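Trainee: The structure's right below; bear with me while I get my questions together.
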Amino acid sequence: LRRTGELLRERAEHIARLITREEGITLPYAKGEVLWAADILDWTAEEARRAYGRVIPPSIAGMRQTVYRVPIGPVVALTPWNAPVLMPARTTGEALAAGCTVILKAAEETPASGLEVVRAFEDAGLPKGVLNAVFGVPAEISPHLIASPVIRKVSFTGSVEVGRQLGTLAGAQGKPITLELGGHAPVIVFDDAEIDGAITATVMVKTWNAGQLCGAPTRYLVHERVHDEFLRRLGERMAAVKVGDGM
C-alpha cells in the first residue's frame, strides 16, 4: 500500500494528464487528486497495522468474550468517473488492507485513469490475481458480479438511483454493501449570513472539479431580504470564472 502511494506520487504528472484528457478538469486539480489518493493509501497502510480485535467484559463469570477481525472475502468495487483515481485507490486500498481480494469495476468513461491505479498496485508488488480490473456495460457487469457466489462484499459510489438498484441486488443475495451516494441538499442562505463567505464557499464547490462533484450546489434557498444582493454578487463571481482547456 505504501509503495503504491509512492508510485502514484512519482507518476502524478503523467496520471494527471490522463485525468484531464478523460474528464476535462484542470491539470492542477487532477494532480491534486493523484496526490490525495497517495495520502489515503498511506493512511490505509497504517490502519492495516491496527486491525485489532477486542476483549469484551462478559456478563457471566468465567466466560471470555473476544472479537476477531477477519477478511470478509472477495470484494467488488464499483467506482465513479468524477474521481477516477481517488475512488479506485481508496476503495481498493481499504479492501486490500483488510486482507480481501478485489474486482475493480472502474468507470468506462475514464478507463486510463483507473488502470493507472491498478498498474501502480501491480508495480508495487501486489501478487497476481489479488486485484482485478474489468470494464464494460454497468447494467450487465454489476448484476453478474453481485450475483456471483465468489463475491462476499459490494462497494459502490455513485447516484442514489443506481445505489438503490445495487442495494436490492445485494440484499437478494444476503451480501453486505457499502453505498456512498451523491446527495442534492440545497445551499441555504439566511438573512444574517456573511454574504461574501457564502458566495466564496459556494462558487468554489460549484466550480471545483469542473462542477463534476457530488457536493456541487444545484439550487439555493435564499432569504428574501438578501436575495437580490446575493444573486447579483453570485452572478458577478460566476461570470469571472474562466472556461478553457484543462491543460
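FYI, nothing fancy with the C-alpha cells labels: chains A, B, ... in order, residues from 1 per chain, ligands from 1 as they appear.
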Within 7 Å of segment 98-104 of chain A, counting only C-alpha atoms, which residues show up once you throw out same-chain ones fewer than 6 positions away? Write them as a VMD selection string, please.

Mentor: chain A and resid 48 71 to 78 92 130 to 134

Trainee: I'd like to know which residues of segment 44-207 of chain A are helix (DSSP H, G or I) (by DSSP, run on the backbone); could you write them as an MDAnalysis selection string?

Mentor: chainID A and resid 44:48 86:97 111:123 138:147 160:173 195:207

Trainee: Pick the closest to Pro111 of chain A from A:Met247, A:Ala170, A:Ile19, A:Val137: which is it, counting only C-alpha atoms?

Mentor: A:Ile19

Trainee: Figure out the distance between atom CA of Ile199 of chain A and atom CA of Leu234 of chain A, please, to one decimal in Å.

Mentor: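 Going from atom CA of Leu234 of chain A over to atom CA of Ile199 of chain A, I get 6.0 Å.
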
Trainee: For atom CA of Ser148 of chain A and atom CA of Gln165 of chain A, determine how far apart the two atoms are, in Å to one decimal place.

Mentor: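 Computing it gives 16.4 Å between the two atoms.
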
Trainee: Set the distance at 10 Å and use only C-alpha atoms: which residues neighbour Pro28 of chain A once local chain neighbours fewer than 5 positions away are removed? I'd like the list as number ranges by chain.

Mentor: A: 13, 16-17, 20, 33, 246-247

Trainee: Would you save the residues of that selection, restricted to N, CA, C and O atoms, as a PDB file, in the first residue's frame?

Mentor:
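Contents of the output file selection00.pdb:
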ATOM      1  N   GLU A  13       2.357  13.549 -12.529  1.00  0.00           N
ATOM      2  CA  GLU A  13       2.238  14.409 -13.720  1.00  0.00           C
ATOM      3  C   GLU A  13       1.612  13.638 -14.886  1.00  0.00           C
ATOM      4  O   GLU A  13       0.715  14.140 -15.565  1.00  0.00           O
ATOM      5  N   ALA A  16      -2.071  12.753 -14.065  1.00  0.00           N
ATOM      6  CA  ALA A  16      -2.907  13.957 -14.082  1.00  0.00           C
ATOM      7  C   ALA A  16      -3.320  14.317 -15.508  1.00  0.00           C
ATOM      8  O   ALA A  16      -4.466  14.730 -15.752  1.00  0.00           O
ATOM      9  N   ARG A  17      -2.408  14.172 -16.444  1.00  0.00           N
ATOM     10  CA  ARG A  17      -2.742  14.474 -17.835  1.00  0.00           C
ATOM     11  C   ARG A  17      -3.796  13.511 -18.382  1.00  0.00           C
ATOM     12  O   ARG A  17      -4.656  13.905 -19.182  1.00  0.00           O
ATOM     13  N   THR A  20      -7.154  14.708 -16.956  1.00  0.00           N
ATOM     14  CA  THR A  20      -7.638  15.906 -17.639  1.00  0.00           C
ATOM     15  C   THR A  20      -8.167  15.567 -19.029  1.00  0.00           C
ATOM     16  O   THR A  20      -9.204  16.094 -19.454  1.00  0.00           O
ATOM     17  N   GLU A  33      -5.624  15.423  -7.142  1.00  0.00           N
ATOM     18  CA  GLU A  33      -6.371  14.197  -6.875  1.00  0.00           C
ATOM     19  C   GLU A  33      -5.436  12.993  -6.740  1.00  0.00           C
ATOM     20  O   GLU A  33      -5.620  12.149  -5.861  1.00  0.00           O
ATOM     21  N   GLY A 246      -8.430  22.281 -20.156  1.00  0.00           N
ATOM     22  CA  GLY A 246      -7.975  21.848 -18.839  1.00  0.00           C
ATOM     23  C   GLY A 246      -6.465  21.791 -18.716  1.00  0.00           C
ATOM     24  O   GLY A 246      -5.921  21.873 -17.603  1.00  0.00           O
ATOM     25  N   MET A 247      -5.769  21.641 -19.821  1.00  0.00           N
ATOM     26  CA  MET A 247      -4.317  21.588 -19.793  1.00  0.00           C
ATOM     27  C   MET A 247      -3.682  22.957 -19.552  1.00  0.00           C
ATOM     28  O   MET A 247      -2.490  23.053 -19.350  1.00  0.00           O
TER      29      MET A 247
END

Trainee: Work out how far apart atom CA of Ile141 of chain A and atom CA of Arg90 of chain A are and give it in Å to one decimal.

Mentor: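 Atom-to-atom, atom CA of Ile141 of chain A to atom CA of Arg90 of chain A, that is 21.1 Å.
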
Trainee: Which residue, A:Val160, A:Ile146, A:Ile195, A:Val187, has the smallest gap to Gln173 of chain A when you use only C-alpha atoms?

Mentor: A:Ile146

Trainee: Just checking: using only C-alpha atoms, which residue out of A:Glu140, A:Glu180, A:Asp228, A:Glu6 ends up closest to Val34 of chain A?

Mentor: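 Closest candidate: A:Glu6.
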
Trainee: Skipping near chain neighbours, those fewer than 2 positions away, what residues fall within 8 Å of segment 211-222 of chain A using only C-alpha atoms, listed as an mmCIF file with N, CA and C atoms, in the first residue's frame?

Mentor:
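part08.cif, freshly written:
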data_model
loop_
_atom_site.group_PDB
_atom_site.id
_atom_site.type_symbol
_atom_site.label_atom_id
_atom_site.label_comp_id
_atom_site.auth_asym_id
_atom_site.auth_seq_id
_atom_site.Cartn_x
_atom_site.Cartn_y
_atom_site.Cartn_z
ATOM 1 N N ASN A 82 -16.090 10.632 -11.769
ATOM 2 C CA ASN A 82 -15.722 12.001 -11.390
ATOM 3 C C ASN A 82 -14.571 12.064 -10.394
ATOM 4 N N GLY A 182 -24.449 10.169 -4.009
ATOM 5 C CA GLY A 182 -24.444 11.614 -4.155
ATOM 6 C C GLY A 182 -25.763 12.224 -3.718
ATOM 7 N N GLY A 183 -25.701 13.215 -2.840
ATOM 8 C CA GLY A 183 -26.905 13.896 -2.391
ATOM 9 C C GLY A 183 -27.092 15.210 -3.130
ATOM 10 N N HIS A 184 -28.249 15.816 -2.951
ATOM 11 C CA HIS A 184 -28.526 17.101 -3.597
ATOM 12 C C HIS A 184 -29.182 18.050 -2.610
ATOM 13 N N ALA A 185 -28.551 18.216 -1.467
ATOM 14 C CA ALA A 185 -29.060 19.160 -0.483
ATOM 15 C C ALA A 185 -28.857 20.586 -0.992
ATOM 16 N N PRO A 186 -29.770 21.496 -0.662
ATOM 17 C CA PRO A 186 -29.652 22.876 -1.151
ATOM 18 C C PRO A 186 -28.666 23.683 -0.314
ATOM 19 N N VAL A 187 -28.202 24.792 -0.896
ATOM 20 C CA VAL A 187 -27.471 25.799 -0.143
ATOM 21 C C VAL A 187 -28.515 26.742 0.448
ATOM 22 N N ILE A 188 -28.497 26.921 1.751
ATOM 23 C CA ILE A 188 -29.471 27.774 2.425
ATOM 24 C C ILE A 188 -28.755 29.028 2.919
ATOM 25 N N VAL A 189 -29.219 30.190 2.474
ATOM 26 C CA VAL A 189 -28.614 31.467 2.842
ATOM 27 C C VAL A 189 -29.635 32.277 3.640
ATOM 28 N N PHE A 190 -29.366 32.458 4.934
ATOM 29 C CA PHE A 190 -30.266 33.219 5.796
ATOM 30 C C PHE A 190 -29.981 34.717 5.677
ATOM 31 N N ASP A 191 -30.867 35.514 6.223
ATOM 32 C CA ASP A 191 -30.724 36.962 6.095
ATOM 33 C C ASP A 191 -29.584 37.527 6.930
ATOM 34 N N THR A 202 -19.608 28.712 -1.964
ATOM 35 C CA THR A 202 -20.448 28.040 -2.948
ATOM 36 C C THR A 202 -19.864 28.091 -4.356
ATOM 37 N N VAL A 205 -17.134 25.359 -4.477
ATOM 38 C CA VAL A 205 -17.650 23.995 -4.582
ATOM 39 C C VAL A 205 -18.371 23.781 -5.915
ATOM 40 N N LYS A 206 -19.021 24.837 -6.432
ATOM 41 C CA LYS A 206 -19.742 24.710 -7.691
ATOM 42 C C LYS A 206 -18.787 24.511 -8.868
ATOM 43 N N THR A 207 -17.597 25.091 -8.803
ATOM 44 C CA THR A 207 -16.653 25.006 -9.915
ATOM 45 C C THR A 207 -15.544 23.984 -9.680
ATOM 46 N N TRP A 208 -15.416 23.505 -8.457
ATOM 47 C CA TRP A 208 -14.385 22.522 -8.125
ATOM 48 C C TRP A 208 -14.612 21.270 -8.966
ATOM 49 N N ASN A 209 -13.543 20.730 -9.500
ATOM 50 C CA ASN A 209 -13.642 19.531 -10.338
ATOM 51 C C ASN A 209 -14.552 19.782 -11.546
ATOM 52 N N GLU A 224 -35.482 36.315 1.412
ATOM 53 C CA GLU A 224 -35.910 37.393 0.523
ATOM 54 C C GLU A 224 -35.198 38.719 0.804
ATOM 55 N N VAL A 226 -32.076 39.216 1.449
ATOM 56 C CA VAL A 226 -30.738 39.274 0.841
ATOM 57 C C VAL A 226 -30.729 38.662 -0.557
ATOM 58 N N HIS A 227 -31.905 38.308 -1.041
ATOM 59 C CA HIS A 227 -31.990 37.599 -2.318
ATOM 60 C C HIS A 227 -31.346 38.379 -3.456
ATOM 61 N N PHE A 230 -27.509 38.832 -3.035
ATOM 62 C CA PHE A 230 -26.819 37.553 -3.201
ATOM 63 C C PHE A 230 -26.783 37.156 -4.677
#

Trainee: Measuring atom to atom with only C-alpha atoms, identify which of A:Leu126, A:Lys153, A:Leu41, A:Gly167 is nearest to Pro88 of chain A.

Mentor: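 Ranked by minimum distance to Pro88 of chain A, first place goes to A:Leu41.
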
Trainee: Can you list, as a ChimeraX atom specification, every protein, DNA or RNA residue that comes within 9 Å of Leu86 of chain A when you count only C-alpha atoms, leaving out same-chain residues fewer than 6 positions away?

Mentor: /A:33-38,40,114,117

Trainee: Now that the selection is made, can you save its residues with N, CA and C atoms as a PDB file, in the first residue's frame?

Mentor:
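Below is the file out.pdb, written as the result:
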ATOM      1  N   GLU A  33      -5.624  15.423  -7.142  1.00  0.00           N
ATOM      2  CA  GLU A  33      -6.371  14.197  -6.875  1.00  0.00           C
ATOM      3  C   GLU A  33      -5.436  12.993  -6.740  1.00  0.00           C
ATOM      4  N   VAL A  34      -4.426  12.926  -7.598  1.00  0.00           N
ATOM      5  CA  VAL A  34      -3.469  11.811  -7.534  1.00  0.00           C
ATOM      6  C   VAL A  34      -2.717  11.840  -6.203  1.00  0.00           C
ATOM      7  N   LEU A  35      -2.284  13.017  -5.793  1.00  0.00           N
ATOM      8  CA  LEU A  35      -1.548  13.140  -4.523  1.00  0.00           C
ATOM      9  C   LEU A  35      -2.459  12.831  -3.339  1.00  0.00           C
ATOM     10  N   TRP A  36      -3.715  13.216  -3.447  1.00  0.00           N
ATOM     11  CA  TRP A  36      -4.695  12.909  -2.401  1.00  0.00           C
ATOM     12  C   TRP A  36      -4.871  11.396  -2.286  1.00  0.00           C
ATOM     13  N   ALA A  37      -4.964  10.723  -3.430  1.00  0.00           N
ATOM     14  CA  ALA A  37      -5.096   9.271  -3.426  1.00  0.00           C
ATOM     15  C   ALA A  37      -3.889   8.619  -2.753  1.00  0.00           C
ATOM     16  N   ALA A  38      -2.700   9.155  -3.019  1.00  0.00           N
ATOM     17  CA  ALA A  38      -1.489   8.612  -2.388  1.00  0.00           C
ATOM     18  C   ALA A  38      -1.532   8.799  -0.875  1.00  0.00           C
ATOM     19  N   ILE A  40      -4.193   8.929   0.982  1.00  0.00           N
ATOM     20  CA  ILE A  40      -5.163   7.986   1.525  1.00  0.00           C
ATOM     21  C   ILE A  40      -4.559   6.583   1.635  1.00  0.00           C
ATOM     22  N   GLY A 114      -8.282   4.876 -14.224  1.00  0.00           N
ATOM     23  CA  GLY A 114      -8.478   3.751 -13.322  1.00  0.00           C
ATOM     24  C   GLY A 114      -7.414   2.683 -13.467  1.00  0.00           C
ATOM     25  N   VAL A 117      -4.151   3.216 -11.564  1.00  0.00           N
ATOM     26  CA  VAL A 117      -4.182   2.790 -10.161  1.00  0.00           C
ATOM     27  C   VAL A 117      -3.846   1.310 -10.062  1.00  0.00           C
TER      28      VAL A 117
END

Trainee: Running DSSP on the backbone, which parts of segment 38-209 of chain A land in strand (DSSP E), as number ranges by chain?

Mentor: A: 54-56, 65-67, 75-78, 102-105, 131-133, 153-158, 177-181, 187-189

Trainee: Can you list, as a ChimeraX atom specification, every protein, DNA or RNA residue that comes within 12 Å of segment 49-66 of chain A when you count only C-alpha atoms, leaving out same-chain residues fewer than 6 positions away?

Mentor: /A:1,42-43,94,97-99

Trainee: Compare A:Val70, A:Leu18, A:Ile177, A:Leu7 by their minimum atom-to-atom distance to Glu109 of chain A, counting only C-alpha atoms, and give me the closest one.

Mentor: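 Residue with the minimum atom-to-atom distance to Glu109 of chain A: A:Leu18.
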
Trainee: Find the residues around Thr178 of chain A up to 7 Å (only C-alpha atoms counted), leave out those fewer than 3 positions away in its own chain, and share them as a list of chain:residue names.

Mentor: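 Close residues of Thr178 of chain A: A:Val154, A:Ser155, A:Phe156.
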
Trainee: Choose the residue, out of A:Ala83, A:Thr200, A:Leu169, A:Asp123, that has the smallest atom-to-atom separation from Thr157 of chain A; count only C-alpha atoms.

Mentor: A:Ala83
